[in-house]
Amino acid sequence: MTSYGGFQRTGYGAQAANEDGGGFMGGASQSGSQGQKKSYVDEFLRPVTVRQLLDCKPGYNDSDLHLDGQPITQVTFVGQVRSLNPQTTNITYKVDDGTGTIDVKKWIDPEKAGDSESKFGLDTYVRVFGRIQSFNGKLHIGAHHMRAIDDFNEVNYHLLEATYVHLCFTKGAGGGGNAAAGHDAGGDSMFVDSGNHNSNKTANCSRAAQRLYDFLSGSEDGTTGVNLNEIVSGTGMAASDVSRAADELLGQGLVYTTVDDETWAILDY
Amino acid sequence: MDATPRVTCGYLNSYVNKNVMVVGKVIQLRGESALIDADGNITAHLNRDSHLTAGSGVQIIGKVQPDLSIKVLSALDLGTAVDYNLANTVVELSHQHRSLFASD
């Protein structure tokens, strides 16, 4: 054990403190360190303006950038090419969407070199899909894909979409019941996330499901749950919509059925 | 280049001596200048590189003059399939949600 322990100490450093706890503790701290790695499962492609990218701030642990309280890695945006700087392995574009300018680096695929990797001319509108990267404190975008925009309306469409997504994160997905609307009135505060914790759990749910969840969490029935009829009269939703929303929440493990199949309670954990 | 706020005719007097971006329809070409409709008529003083077509859409980036005309720095022809209502809505929206668009 001594020789093995010595090996562990050199190998893992931080784990040495847990050594006396045996193998299980070592495993636990290992999984903890894995948890700090980026989880690619949570990544999603977010439409943004360049201004938002430039205003991104690092989160608590200084590793990921955050926008509207959400970690942000993959982005898509539109803009005009203002300058391009071709190198042997990549092309760096300066892309301007009227709200700011950002560097976009497109690596050249050596296997496709020459033909399809066409360069984008000055002042052409492009759509960029890429990953935010920070180098020496300066942001740039590592582009996975870039394409020219043929229909100018896509530019305006994109700006609307970016605004919509921003509002979804800062004010909730909208369309909720009265309780939710009251909650959202404080949406402009700096503590959106801590205040509106329901919307974190139901962030991936439809509006009906979010509304149902808000209604259930607002009712004080404890573990007995709320019956379909009460929900219908309380929210004004159609019974079929309530059933569908409940199925969705059941599937996500956010509610459970109590006395019968049409009575639900919040599954709190 | 710094940020160029999206504006329509009505916003021009807030942006005198600043660079702005306007999306509108070319109504009339008069040699060195053009009349552009962006929720109101704007006179644009063209540069040598701008190639506008009467009747089609244009995006101009330029400096707002004290007489509320625009001295064009760059012009981009957008063709005829431009949804001007959409463009004007985006301008309104960009002034409502300044954190996403604003430069000041």
# chains A, B, ... in the order shown; residues from 1 in each chain; ligands from 1
call {"tool": "residues_around", "arguments": {"residues": "Arg6 of chain B", "least_positions_apart": "5", "cutoff": "6 Å", "atoms": "only C-alpha atoms", "output": "number ranges by chain"}}
result
B: 21-22, 91
call {"tool": "select_by_dssp", "arguments": {"residues": "chain B", "states": "alpha helix (DSSP H)", "output": "PyMOL selection string"}}
result
chain B and resi 84-96+98-101
call {"tool": "residues_around", "arguments": {"residues": "Leu35 of chain B", "least_positions_apart": "6", "cutoff": "12 Å", "atoms": "only C-alpha atoms", "output": "MDAnalysis selection string"}}
result
chainID B and resid 9 24:29 41:46 52:58 60 69:70
call {"tool": "select_by_dssp", "arguments": {"residues": "segment 25-89 of chain B", "states": "strand (DSSP E)", "output": "number ranges by chain"}}
result
B: 25-30, 33-37, 41-45, 57-64, 70-79
call {"tool": "closest_atom_pairs", "arguments": {"of": "chain B", "to": "chain A", "cutoff": "6 Å", "atoms": "only C-alpha atoms", "output": "CSV"}}
result
residue,atom,partner,partner_atom,distance
B:Ala3,CA,A:Gly100,CA,4.6
B:Thr4,CA,A:Gly98,CA,4.7
B:Leu100,CA,A:Gln52,CA,5.6
B:Phe101,CA,A:Thr99,CA,5.1
call {"tool": "closest_residue", "arguments": {"among": "B:Lys18, B:His51, B:Thr8, B:Leu73", "to": "Thr89 of chain B", "atoms": "only C-alpha atoms"}}
result
B:Thr8
call {"tool": "closest_residue", "arguments": {"among": "A:Arg147, A:Ala239, A:Cys205, A:Asp214", "to": "Gly253 of chain A", "atoms": "only C-alpha atoms"}}
result
A:Cys205
call {"tool": "closest_residue", "arguments": {"among": "B:Ser33, B:Ser14, B:Asn85, B:Ser99", "to": "Lys71 of chain B", "atoms": "only C-alpha atoms"}}
result
B:Ser33
